[in-house]
$ cat coords_28.tsv   # TSV, C-alpha atoms
chain	number	residue	atom	x	y	z
A	621	MET	CA	-0.43	18.15	-6.42
A	622	ALA	CA	3.18	18.94	-7.33
A	623	ILE	CA	5.99	17.57	-5.16
A	624	ALA	CA	9.15	19.35	-3.97
A	625	CYS	CA	12.06	17.41	-2.48
A	626	VAL	CA	14.41	19.22	-0.09
A	627	THR	CA	17.61	17.79	1.39
A	628	GLY	CA	19.04	19.12	4.62
A	629	ALA	CA	15.50	20.19	5.48
A	630	SER	CA	15.84	19.94	9.25
A	631	SER	CA	17.42	23.39	9.67
A	632	GLY	CA	18.70	26.54	8.01
A	633	ILE	CA	18.15	27.23	4.33
A	634	GLY	CA	16.64	23.80	3.69
A	635	ARG	CA	14.06	24.24	6.43
A	636	GLU	CA	13.07	27.64	5.10
A	637	CYS	CA	12.85	26.35	1.52
A	638	ALA	CA	10.51	23.62	2.74
A	639	LYS	CA	8.31	26.06	4.63
A	640	GLN	CA	8.07	28.45	1.71
A	641	LEU	CA	7.41	25.73	-0.87
A	642	SER	CA	4.67	24.33	1.37
A	643	GLY	CA	3.19	27.82	1.49
A	644	MET	CA	3.09	27.76	-2.31
A	645	GLY	CA	1.08	24.55	-2.19
A	646	TYR	CA	3.75	21.94	-2.87
A	647	ASN	CA	3.65	18.57	-1.16
A	648	LEU	CA	7.05	17.81	0.28
A	649	ILE	CA	9.66	15.08	0.61
A	650	LEU	CA	11.86	16.16	3.51
A	651	ILE	CA	15.30	14.57	3.81
A	652	SER	CA	17.86	14.80	6.61
A	653	ARG	CA	19.68	12.67	9.17
A	654	HIS	CA	17.57	14.31	11.89
A	655	ALA	CA	14.21	12.56	11.71
A	656	ARG	CA	12.86	14.18	14.88
A	657	GLU	CA	13.43	17.69	13.52
A	658	LEU	CA	11.88	16.73	10.19
A	659	LYS	CA	8.77	15.42	11.93
A	660	LYS	CA	8.48	18.62	13.96
A	661	LEU	CA	8.72	20.64	10.77
A	662	ALA	CA	6.20	18.45	8.95
A	663	SER	CA	3.68	18.89	11.77
A	664	THR	CA	3.70	22.66	11.23
A	665	LEU	CA	3.13	22.56	7.47
A	666	LYS	CA	-0.24	22.54	5.74
A	667	THR	CA	0.67	20.37	2.75
A	668	LYS	CA	1.44	16.66	2.79
A	669	CYS	CA	4.97	15.75	3.87
A	670	LYS	CA	6.95	12.54	3.56
A	671	VAL	CA	9.83	12.40	6.01
A	672	ILE	CA	12.93	10.39	5.05
A	673	SER	CA	15.83	9.99	7.45
A	674	CYS	CA	19.01	9.44	5.46
A	675	ASP	CA	22.71	10.12	5.91
A	676	LEU	CA	23.49	11.53	2.48
A	677	SER	CA	27.21	11.36	3.16
A	678	ASP	CA	26.90	7.58	3.02
A	679	THR	CA	27.06	6.82	-0.70
A	680	GLU	CA	25.24	3.49	-0.46
A	681	SER	CA	22.36	5.08	1.47
A	682	CYS	CA	22.23	7.98	-0.97
A	683	VAL	CA	22.02	5.65	-3.98
A	684	LYS	CA	19.20	3.69	-2.32
A	685	LEU	CA	17.37	6.94	-1.63
A	686	ALA	CA	17.82	8.04	-5.24
A	687	LYS	CA	16.18	4.82	-6.45
A	688	LYS	CA	13.20	5.47	-4.16
A	689	LEU	CA	12.83	9.06	-5.33
A	690	ARG	CA	12.51	7.92	-8.96
A	691	HIS	CA	9.04	6.63	-8.06
A	692	TYR	CA	7.80	10.15	-7.26
A	693	LYS	CA	6.85	12.83	-9.74
A	694	ILE	CA	9.17	15.48	-8.32
A	695	SER	CA	8.77	18.97	-9.76
A	696	ILE	CA	11.40	20.69	-7.60
A	697	LEU	CA	14.62	19.31	-6.14
A	698	VAL	CA	16.55	21.45	-3.65
A	699	ASN	CA	20.01	19.99	-3.02
A	700	ASN	CA	20.82	21.84	0.18
A	701	ALA	CA	22.60	19.42	2.53
A	702	GLY	CA	26.24	20.26	3.15
A	703	PHE	CA	28.87	21.43	5.64
A	704	GLY	CA	32.29	23.06	5.84
A	705	GLU	CA	35.37	23.06	8.05
A	706	ILE	CA	38.18	25.53	8.57
A	707	GLY	CA	41.85	24.67	9.07
A	708	ASP	CA	45.14	24.10	7.27
A	709	PHE	CA	44.78	21.37	4.68
A	710	ALA	CA	47.75	19.54	6.20
A	711	ASP	CA	46.04	19.49	9.59
A	712	THR	CA	42.40	18.67	8.87
A	713	LYS	CA	41.37	15.04	9.15
A	714	LEU	CA	41.07	13.02	5.96
A	715	LYS	CA	37.90	11.41	7.33
A	716	ASN	CA	36.23	14.83	7.61
A	717	ASP	CA	37.40	15.87	4.13
A	718	LEU	CA	36.01	12.72	2.53
A	719	ASN	CA	32.76	13.06	4.45
A	720	MET	CA	32.45	16.62	3.15
A	721	ILE	CA	33.09	15.50	-0.41
A	722	ASP	CA	30.53	12.71	-0.08
A	723	LEU	CA	27.86	15.08	1.24
A	724	ASN	CA	28.59	18.31	-0.64
A	725	VAL	CA	29.47	16.72	-3.98
A	726	LYS	CA	28.45	13.09	-4.35
A	727	SER	CA	24.94	13.44	-2.90
A	728	VAL	CA	24.21	16.39	-5.20
A	729	HIS	CA	25.52	14.43	-8.18
A	730	ILE	CA	23.62	11.24	-7.31
A	731	LEU	CA	20.26	12.88	-6.60
A	732	THR	CA	20.45	15.18	-9.63
A	733	LYS	CA	21.34	12.19	-11.80
A	734	ALA	CA	18.30	10.33	-10.45
A	735	ILE	CA	15.71	13.10	-10.69
A	736	LEU	CA	16.75	15.03	-13.81
A	737	PRO	CA	15.86	12.37	-16.42
A	738	GLN	CA	12.21	12.21	-15.33
A	739	MET	CA	12.04	16.02	-15.40
A	740	VAL	CA	13.50	16.05	-18.90
A	741	LYS	CA	10.99	13.41	-20.01
A	742	ARG	CA	8.08	15.52	-18.68
A	743	ASP	CA	9.76	18.71	-19.94
A	744	GLU	CA	9.17	20.50	-16.64
A	745	GLY	CA	10.95	20.93	-13.34
A	746	TYR	CA	13.44	22.92	-11.32
A	747	ILE	CA	16.63	21.93	-9.54
A	748	LEU	CA	18.19	24.34	-7.06
A	749	ASN	CA	21.70	23.37	-5.99
A	750	VAL	CA	22.75	25.28	-2.89
A	751	SER	CA	26.36	26.17	-3.60
A	752	SER	CA	28.14	29.20	-2.12
A	753	ILE	CA	29.95	32.35	-3.18
A	754	ALA	CA	32.95	30.09	-2.46
A	755	GLY	CA	31.99	28.13	-5.57
A	756	LEU	CA	32.78	31.17	-7.73
A	757	MET	CA	36.27	31.69	-6.29
A	758	PRO	CA	39.58	30.24	-7.55
A	759	GLY	CA	40.14	28.52	-4.21
A	760	GLY	CA	39.82	29.00	-0.48
A	761	PRO	CA	42.95	28.78	1.64
A	762	TYR	CA	42.14	27.34	5.09
A	763	MET	CA	38.79	26.05	3.80
A	764	SER	CA	40.27	24.33	0.77
A	765	THR	CA	38.06	21.24	0.66
A	766	TYR	CA	34.86	23.21	1.20
A	767	TYR	CA	35.67	25.70	-1.57
A	768	ALA	CA	36.59	22.83	-3.89
A	769	THR	CA	33.28	21.05	-3.25
A	770	LYS	CA	31.28	24.18	-3.97
A	771	ALA	CA	33.28	24.83	-7.14
A	772	TYR	CA	32.22	21.34	-8.26
A	773	VAL	CA	28.55	22.07	-7.54
A	774	THR	CA	28.67	25.37	-9.41
A	775	SER	CA	30.53	23.88	-12.36
A	776	LEU	CA	28.16	20.92	-12.62
A	777	THR	CA	25.13	23.21	-12.43
A	778	CYS	CA	26.42	25.49	-15.18
A	779	ALA	CA	27.24	22.59	-17.50
A	780	VAL	CA	23.91	20.79	-17.04
A	781	ASN	CA	21.99	24.04	-17.41
A	782	HIS	CA	23.76	24.70	-20.72
A	783	GLU	CA	22.96	21.21	-21.98
A	784	LEU	CA	19.29	21.77	-21.17
A	785	ARG	CA	19.26	25.16	-22.92
A	786	GLU	CA	20.82	23.68	-26.06
A	787	ALA	CA	18.20	20.92	-26.04
A	788	GLY	CA	15.40	23.49	-25.79
A	789	SER	CA	14.23	21.97	-22.50
A	790	ASN	CA	11.91	23.74	-20.08
A	791	VAL	CA	13.76	22.14	-17.15
A	792	SER	CA	15.95	24.57	-15.23
A	793	VAL	CA	18.98	23.98	-13.00
A	794	SER	CA	20.25	26.84	-10.83
A	795	ALA	CA	23.01	27.41	-8.28
A	796	LEU	CA	22.28	29.45	-5.17
A	797	CYS	CA	25.55	31.12	-4.13
A	798	PRO	CA	25.13	33.00	-0.86
A	799	GLY	CA	27.80	34.33	1.44
A	800	PRO	CA	27.39	34.02	5.22
A	801	VAL	CA	23.94	32.84	6.31
A	802	ASP	CA	22.88	32.70	9.96
A	803	THR	CA	22.55	28.92	10.26
A	804	ASN	CA	24.17	25.99	12.07
A	805	PHE	CA	26.79	25.92	9.28
A	806	ASN	CA	28.96	28.45	11.11
A	807	LYS	CA	28.99	26.42	14.33
A	808	ARG	CA	29.79	23.14	12.58
A	809	ALA	CA	32.53	24.76	10.47
A	810	ASN	CA	33.93	26.47	13.60
A	811	VAL	CA	34.11	29.88	11.89
A	812	GLU	CA	33.12	33.45	12.53
A	813	PHE	CA	32.49	35.53	9.42
A	814	ALA	CA	33.59	39.14	9.03
A	815	LEU	CA	30.55	39.94	6.90
A	816	LYS	CA	27.14	40.12	8.51
A	817	GLY	CA	25.09	37.05	7.64
A	818	ILE	CA	21.70	37.13	5.95
A	819	THR	CA	18.76	35.24	7.41
A	820	PRO	CA	17.92	31.77	6.08
A	821	GLU	CA	14.39	33.07	5.41
A	822	PHE	CA	15.70	35.76	3.05
A	823	CYS	CA	18.20	33.41	1.42
A	824	ALA	CA	15.53	30.79	0.72
A	825	SER	CA	13.03	33.35	-0.54
A	826	TYR	CA	15.56	35.00	-2.85
A	827	GLY	CA	16.81	31.65	-4.10
A	828	LEU	CA	13.38	30.21	-4.86
A	829	TYR	CA	12.17	33.40	-6.53
A	830	HIS	CA	15.09	33.43	-8.96
A	831	MET	CA	14.96	29.65	-9.39
A	832	PHE	CA	11.44	30.08	-10.78
A	833	LYS	CA	12.83	32.84	-13.02
A	834	LYS	CA	15.32	30.22	-14.30
A	835	LYS	CA	18.36	32.27	-13.30
A	836	LEU	CA	21.55	30.24	-13.48
A	837	ILE	CA	23.75	31.79	-10.76
A	838	ILE	CA	21.80	33.28	-7.86
A	839	ILE	CA	23.72	35.63	-5.54
A	840	PRO	CA	21.52	37.11	-2.80
A	841	THR	CA	23.25	40.43	-1.99
A	842	MET	CA	24.62	43.31	-4.06
A	843	GLU	CA	27.89	43.29	-2.10
A	844	LEU	CA	28.54	39.70	-3.08
A	845	LYS	CA	27.48	40.31	-6.68
A	846	LEU	CA	30.06	43.07	-6.95
A	847	SER	CA	32.68	40.83	-5.32
A	848	ALA	CA	31.96	38.02	-7.76
A	849	LEU	CA	32.26	40.47	-10.65
A	850	ALA	CA	35.56	41.86	-9.38
A	851	ILE	CA	37.03	38.37	-9.06
A	852	ARG	CA	36.72	37.91	-12.81
A	853	PHE	CA	39.15	40.76	-13.50
A	854	LEU	CA	41.70	40.26	-10.74
A	855	PRO	CA	44.82	38.06	-10.93
A	856	ARG	CA	44.30	34.63	-9.37
A	857	LYS	CA	47.22	35.12	-6.95
A	858	ALA	CA	45.77	38.39	-5.70
A	859	VAL	CA	42.38	36.81	-5.10
A	860	LEU	CA	43.90	33.88	-3.24
A	861	ALA	CA	45.97	36.22	-1.07
A	862	PHE	CA	42.87	38.25	-0.20
A	863	LEU	CA	40.83	35.14	0.59
A	864	SER	CA	43.66	33.79	2.71
A	865	ARG	CA	43.65	36.92	4.87
A	866	GLN	CA	39.87	36.74	5.24
A	867	GLN	CA	39.89	33.04	6.12
A	868	ARG	CA	42.53	33.49	8.81
A	869	LYS	CA	40.23	36.01	10.49
A	870	LYS	CA	37.50	33.38	10.65
A	871	LYS	CA	39.46	30.98	12.81
A	872	THR	CA	38.05	30.67	16.31
A	873	VAL	CA	39.72	29.35	19.41
A	874	LYS	CA	38.81	25.69	19.83
$ encode --input "coords_28.tsv" --output "structure tokens"
Amino acid sequence: MAIACVTGASSGIGRECAKQLSGMGYNLILISRHARELKKLASTLKTKCKVISCDLSDTESCVKLAKKLRHYKISILVNNAGFGEIGDFADTKLKNDLNMIDLNVKSVHILTKAILPQMVKRDEGYILNVSSIAGLMPGGPYMSTYYATKAYVTSLTCAVNHELREAGSNVSVSALCPGPVDTNFNKRANVEFALKGITPEFCASYGLYHMFKKKLIIIPTMELKLSALAIRFLPRKAVLAFLSRQQRKKKTVK
């Protein structure tokens, strides 16, 4: 039976992706720091699940995990683990910024690098990188590191996808770029969004459906699709000024 690997599977979009992929008949490799939550999830699913507790923000641990995953015939990889933080760049802690880069960027890079070659060799497979609408913007004042990490994920996805298309490969790499989603992300980032969030169930369902359709950039709502389109025709300074105003509204009292 085919295997799907999901990072950040203990909650939010990752959890819902795992549940829906299990419903499609995929055996699962569930990855997160929170082993107890993974085991709870695994106990509710009908397909076989392997639970792996790993802090993906620790590069050494992530590399070791990647080596282990090469021994499995993984048909789907969902790179979902990530977090954000709001604040002036001059004020946020370097430790938090580097942790965010390690998790949002390096883990995606490492795991994709490990799993993609075997998919290419078999000429089948899907990789879904959970980015953000932030990854389509020129920058994000007051969430600068987060926006930069998601721009990396989106850029990497687009480049690798193009390489695969030029090679005539059946392997597909997609970027899921949602806006606000009702998950623990908001609490950890200490933000309140002006836009109403979508449910993780809908986000996962929409993302997986279009992943299987081999769509490159997956944006779940029409409002965000129109916003992403408008960004392409507006001056960079105007976009940054607009995003700055929106980000300042997100700040909550600590």
$ residues_around --input "coords_28.tsv" --residues "Lys660 of chain A" --least-positions-apart "2" --cutoff "12 Å" --atoms "all atoms listed in the file" --output "tab-separated table (two decimals) with C-alpha atoms, keeping the file's coordinate frame"
chain	number	residue	atom	x	y	z
A	629	ALA	CA	15.50	20.19	5.48
A	630	SER	CA	15.84	19.94	9.25
A	631	SER	CA	17.42	23.39	9.67
A	635	ARG	CA	14.06	24.24	6.43
A	639	LYS	CA	8.31	26.06	4.63
A	650	LEU	CA	11.86	16.16	3.51
A	654	HIS	CA	17.57	14.31	11.89
A	655	ALA	CA	14.21	12.56	11.71
A	656	ARG	CA	12.86	14.18	14.88
A	657	GLU	CA	13.43	17.69	13.52
A	658	LEU	CA	11.88	16.73	10.19
A	662	ALA	CA	6.20	18.45	8.95
A	663	SER	CA	3.68	18.89	11.77
A	664	THR	CA	3.70	22.66	11.23
A	665	LEU	CA	3.13	22.56	7.47
A	669	CYS	CA	4.97	15.75	3.87
A	671	VAL	CA	9.83	12.40	6.01
$ closest_residue --input "coords_28.tsv" --among "A:Val750, A:Met763, A:Leu784, A:Ile837" --to "Thr627 of chain A" --atoms "all atoms listed in the file"
A:Val750
$ residues_around --input "coords_28.tsv" --residues "Lys770 of chain A" --least-positions-apart "3" --cutoff "6 Å" --atoms "only C-alpha atoms" --output "list of chain:residue names"
A:Ser751, A:Gly755, A:Tyr767, A:Val773
$ closest_residue --input "coords_28.tsv" --among "A:Gly645, A:Leu685, A:Tyr826, A:Arg690" --to "Lys666 of chain A" --atoms "only C-alpha atoms"
A:Gly645
$ residues_around --input "coords_28.tsv" --residues "His729 of chain A" --least-positions-apart "2" --cutoff "10 Å" --atoms "only C-alpha atoms" --output "short mmCIF file (atom, residue, chain, number, x, y, z; two decimals) with C-alpha atoms, in the coordinates of the input"
data_model
loop_
_atom_site.label_atom_id
_atom_site.label_comp_id
_atom_site.auth_asym_id
_atom_site.auth_seq_id
_atom_site.Cartn_x
_atom_site.Cartn_y
_atom_site.Cartn_z
CA ASN A 699 20.01 19.99 -3.02
CA ASP A 722 30.53 12.71 -0.08
CA LEU A 723 27.86 15.08 1.24
CA ASN A 724 28.59 18.31 -0.64
CA VAL A 725 29.47 16.72 -3.98
CA LYS A 726 28.45 13.09 -4.35
CA SER A 727 24.94 13.44 -2.90
CA LEU A 731 20.26 12.88 -6.60
CA THR A 732 20.45 15.18 -9.63
CA LYS A 733 21.34 12.19 -11.80
CA ALA A 734 18.30 10.33 -10.45
CA ASN A 749 21.70 23.37 -5.99
CA TYR A 772 32.22 21.34 -8.26
CA VAL A 773 28.55 22.07 -7.54
CA LEU A 776 28.16 20.92 -12.62
CA THR A 777 25.13 23.21 -12.43
#
$ axis_aligned_box --input "coords_28.tsv" --around "segment 659-663 of chain A" --padding-each-side "3 Å" --output "lines of an AutoDock Vina configuration file"
center_x = 6.2
center_y = 18.0
center_z = 11.5
size_x = 11.1
size_y = 11.2
size_z = 11.0
$ residues_near_point --input "coords_28.tsv" --point "(10.6, 18.2, -18.4)" --cutoff "10 Å" --atoms "all atoms listed in the file" --output "list in words"
Ser695, Leu736, Pro737, Gln738, Met739, Val740, Lys741, Arg742, Asp743, Glu744, Gly745, Tyr746, Leu784, Ser789, Asn790, Val791 and Ser792 of chain A
$ atom_distance --input "coords_28.tsv" --atom1 "atom CA of Ser642 of chain A" --atom2 "atom CA of Lys687 of chain A"
24.0 Å
$ atom_distance --input "coords_28.tsv" --atom1 "atom CA of Cys625 of chain A" --atom2 "atom CA of Thr679 of chain A"
18.4 Å
$ residues_around --input "coords_28.tsv" --residues "Leu756 of chain A" --least-positions-apart "2" --cutoff "9 Å" --atoms "all atoms listed in the file" --output "list in words"
Ser752, Ile753, Ala754, Pro758, Gly759, Tyr767, Lys770, Ala771, Thr774, Ser775, Cys797, Ala848 and Ile851 of chain A
$ decode --input "coords_28.tsv" --residues "segment 668-706 of chain A" --atoms "N, CA and C atoms" --output "PDB file, in the first residue's frame"
ATOM      1  N   LYS A 668      -2.326   1.924   8.424  1.00  0.00           N
ATOM      2  CA  LYS A 668      -1.149   1.775   9.279  1.00  0.00           C
ATOM      3  C   LYS A 668      -0.417   3.103   9.424  1.00  0.00           C
ATOM      4  N   CYS A 669       0.046   3.375  10.621  1.00  0.00           N
ATOM      5  CA  CYS A 669       0.748   4.639  10.887  1.00  0.00           C
ATOM      6  C   CYS A 669       2.062   4.380  11.616  1.00  0.00           C
ATOM      7  N   LYS A 670       3.105   5.033  11.148  1.00  0.00           N
ATOM      8  CA  LYS A 670       4.375   5.026  11.873  1.00  0.00           C
ATOM      9  C   LYS A 670       4.555   6.417  12.459  1.00  0.00           C
ATOM     10  N   VAL A 671       4.734   6.486  13.763  1.00  0.00           N
ATOM     11  CA  VAL A 671       4.884   7.754  14.454  1.00  0.00           C
ATOM     12  C   VAL A 671       6.362   8.036  14.707  1.00  0.00           C
ATOM     13  N   ILE A 672       6.816   9.212  14.286  1.00  0.00           N
ATOM     14  CA  ILE A 672       8.212   9.606  14.504  1.00  0.00           C
ATOM     15  C   ILE A 672       8.244  10.959  15.201  1.00  0.00           C
ATOM     16  N   SER A 673       8.787  10.976  16.402  1.00  0.00           N
ATOM     17  CA  SER A 673       8.959  12.230  17.129  1.00  0.00           C
ATOM     18  C   SER A 673      10.293  12.850  16.730  1.00  0.00           C
ATOM     19  N   CYS A 674      10.228  14.057  16.191  1.00  0.00           N
ATOM     20  CA  CYS A 674      11.469  14.701  15.723  1.00  0.00           C
ATOM     21  C   CYS A 674      11.299  16.212  15.747  1.00  0.00           C
ATOM     22  N   ASP A 675      12.292  16.904  16.264  1.00  0.00           N
ATOM     23  CA  ASP A 675      12.322  18.358  16.210  1.00  0.00           C
ATOM     24  C   ASP A 675      12.981  18.753  14.898  1.00  0.00           C
ATOM     25  N   LEU A 676      12.157  19.101  13.911  1.00  0.00           N
ATOM     26  CA  LEU A 676      12.670  19.391  12.576  1.00  0.00           C
ATOM     27  C   LEU A 676      13.464  20.693  12.517  1.00  0.00           C
ATOM     28  N   SER A 677      13.366  21.507  13.563  1.00  0.00           N
ATOM     29  CA  SER A 677      14.169  22.729  13.584  1.00  0.00           C
ATOM     30  C   SER A 677      15.612  22.452  13.975  1.00  0.00           C
ATOM     31  N   ASP A 678      15.882  21.232  14.432  1.00  0.00           N
ATOM     32  CA  ASP A 678      17.245  20.812  14.732  1.00  0.00           C
ATOM     33  C   ASP A 678      17.810  20.141  13.480  1.00  0.00           C
ATOM     34  N   THR A 679      18.738  20.802  12.840  1.00  0.00           N
ATOM     35  CA  THR A 679      19.232  20.338  11.532  1.00  0.00           C
ATOM     36  C   THR A 679      19.794  18.928  11.593  1.00  0.00           C
ATOM     37  N   GLU A 680      20.570  18.625  12.633  1.00  0.00           N
ATOM     38  CA  GLU A 680      21.153  17.286  12.754  1.00  0.00           C
ATOM     39  C   GLU A 680      20.072  16.220  12.842  1.00  0.00           C
ATOM     40  N   SER A 681      19.036  16.477  13.645  1.00  0.00           N
ATOM     41  CA  SER A 681      17.926  15.528  13.777  1.00  0.00           C
ATOM     42  C   SER A 681      17.175  15.377  12.465  1.00  0.00           C
ATOM     43  N   CYS A 682      17.017  16.492  11.756  1.00  0.00           N
ATOM     44  CA  CYS A 682      16.296  16.469  10.483  1.00  0.00           C
ATOM     45  C   CYS A 682      17.055  15.655   9.436  1.00  0.00           C
ATOM     46  N   VAL A 683      18.369  15.809   9.403  1.00  0.00           N
ATOM     47  CA  VAL A 683      19.195  15.044   8.454  1.00  0.00           C
ATOM     48  C   VAL A 683      19.120  13.547   8.769  1.00  0.00           C
ATOM     49  N   LYS A 684      19.161  13.199  10.056  1.00  0.00           N
ATOM     50  CA  LYS A 684      19.051  11.793  10.454  1.00  0.00           C
ATOM     51  C   LYS A 684      17.693  11.226  10.042  1.00  0.00           C
ATOM     52  N   LEU A 685      16.650  12.022  10.232  1.00  0.00           N
ATOM     53  CA  LEU A 685      15.313  11.594   9.817  1.00  0.00           C
ATOM     54  C   LEU A 685      15.264  11.371   8.312  1.00  0.00           C
ATOM     55  N   ALA A 686      15.840  12.298   7.561  1.00  0.00           N
ATOM     56  CA  ALA A 686      15.841  12.187   6.101  1.00  0.00           C
ATOM     57  C   ALA A 686      16.485  10.880   5.638  1.00  0.00           C
ATOM     58  N   LYS A 687      17.569  10.489   6.301  1.00  0.00           N
ATOM     59  CA  LYS A 687      18.241   9.234   5.950  1.00  0.00           C
ATOM     60  C   LYS A 687      17.333   8.035   6.214  1.00  0.00           C
ATOM     61  N   LYS A 688      16.567   8.093   7.311  1.00  0.00           N
ATOM     62  CA  LYS A 688      15.633   7.007   7.625  1.00  0.00           C
ATOM     63  C   LYS A 688      14.517   6.921   6.578  1.00  0.00           C
ATOM     64  N   LEU A 689      14.021   8.097   6.180  1.00  0.00           N
ATOM     65  CA  LEU A 689      12.883   8.124   5.255  1.00  0.00           C
ATOM     66  C   LEU A 689      13.239   7.580   3.880  1.00  0.00           C
ATOM     67  N   ARG A 690      14.535   7.600   3.533  1.00  0.00           N
ATOM     68  CA  ARG A 690      14.951   7.064   2.231  1.00  0.00           C
ATOM     69  C   ARG A 690      14.683   5.565   2.111  1.00  0.00           C
ATOM     70  N   HIS A 691      14.483   4.894   3.250  1.00  0.00           N
ATOM     71  CA  HIS A 691      14.235   3.450   3.229  1.00  0.00           C
ATOM     72  C   HIS A 691      12.768   3.112   2.975  1.00  0.00           C
ATOM     73  N   TYR A 692      11.916   4.132   2.901  1.00  0.00           N
ATOM     74  CA  TYR A 692      10.494   3.909   2.655  1.00  0.00           C
ATOM     75  C   TYR A 692      10.130   4.357   1.244  1.00  0.00           C
ATOM     76  N   LYS A 693       9.182   3.651   0.659  1.00  0.00           N
ATOM     77  CA  LYS A 693       8.705   4.007  -0.668  1.00  0.00           C
ATOM     78  C   LYS A 693       7.579   5.033  -0.493  1.00  0.00           C
ATOM     79  N   ILE A 694       7.952   6.278  -0.354  1.00  0.00           N
ATOM     80  CA  ILE A 694       6.995   7.344  -0.063  1.00  0.00           C
ATOM     81  C   ILE A 694       6.419   7.908  -1.364  1.00  0.00           C
ATOM     82  N   SER A 695       5.094   7.867  -1.449  1.00  0.00           N
ATOM     83  CA  SER A 695       4.406   8.362  -2.645  1.00  0.00           C
ATOM     84  C   SER A 695       3.985   9.816  -2.506  1.00  0.00           C
ATOM     85  N   ILE A 696       3.761  10.263  -1.258  1.00  0.00           N
ATOM     86  CA  ILE A 696       3.351  11.646  -1.002  1.00  0.00           C
ATOM     87  C   ILE A 696       4.141  12.182   0.180  1.00  0.00           C
ATOM     88  N   LEU A 697       4.714  13.368   0.009  1.00  0.00           N
ATOM     89  CA  LEU A 697       5.377  14.065   1.104  1.00  0.00           C
ATOM     90  C   LEU A 697       4.678  15.403   1.304  1.00  0.00           C
ATOM     91  N   VAL A 698       4.162  15.628   2.510  1.00  0.00           N
ATOM     92  CA  VAL A 698       3.550  16.915   2.842  1.00  0.00           C
ATOM     93  C   VAL A 698       4.467  17.617   3.835  1.00  0.00           C
ATOM     94  N   ASN A 699       5.161  18.645   3.362  1.00  0.00           N
ATOM     95  CA  ASN A 699       6.030  19.457   4.222  1.00  0.00           C
ATOM     96  C   ASN A 699       5.176  20.557   4.842  1.00  0.00           C
ATOM     97  N   ASN A 700       4.669  20.304   6.025  1.00  0.00           N
ATOM     98  CA  ASN A 700       3.724  21.225   6.642  1.00  0.00           C
ATOM     99  C   ASN A 700       4.278  21.966   7.857  1.00  0.00           C
ATOM    100  N   ALA A 701       5.219  21.384   8.566  1.00  0.00           N
ATOM    101  CA  ALA A 701       5.693  21.975   9.827  1.00  0.00           C
ATOM    102  C   ALA A 701       6.233  23.386   9.616  1.00  0.00           C
ATOM    103  N   GLY A 702       5.835  24.299  10.510  1.00  0.00           N
ATOM    104  CA  GLY A 702       6.326  25.666  10.417  1.00  0.00           C
ATOM    105  C   GLY A 702       5.663  26.566  11.452  1.00  0.00           C
ATOM    106  N   PHE A 703       6.229  27.758  11.652  1.00  0.00           N
ATOM    107  CA  PHE A 703       5.616  28.729  12.552  1.00  0.00           C
ATOM    108  C   PHE A 703       6.028  30.131  12.159  1.00  0.00           C
ATOM    109  N   GLY A 704       5.335  31.131  12.735  1.00  0.00           N
ATOM    110  CA  GLY A 704       5.646  32.522  12.462  1.00  0.00           C
ATOM    111  C   GLY A 704       5.679  33.330  13.740  1.00  0.00           C
ATOM    112  N   GLU A 705       6.154  34.570  13.625  1.00  0.00           N
ATOM    113  CA  GLU A 705       6.200  35.466  14.775  1.00  0.00           C
ATOM    114  C   GLU A 705       6.072  36.896  14.289  1.00  0.00           C
ATOM    115  N   ILE A 706       5.337  37.699  15.027  1.00  0.00           N
ATOM    116  CA  ILE A 706       5.161  39.100  14.644  1.00  0.00           C
ATOM    117  C   ILE A 706       6.024  40.000  15.522  1.00  0.00           C
TER     118      ILE A 706
END
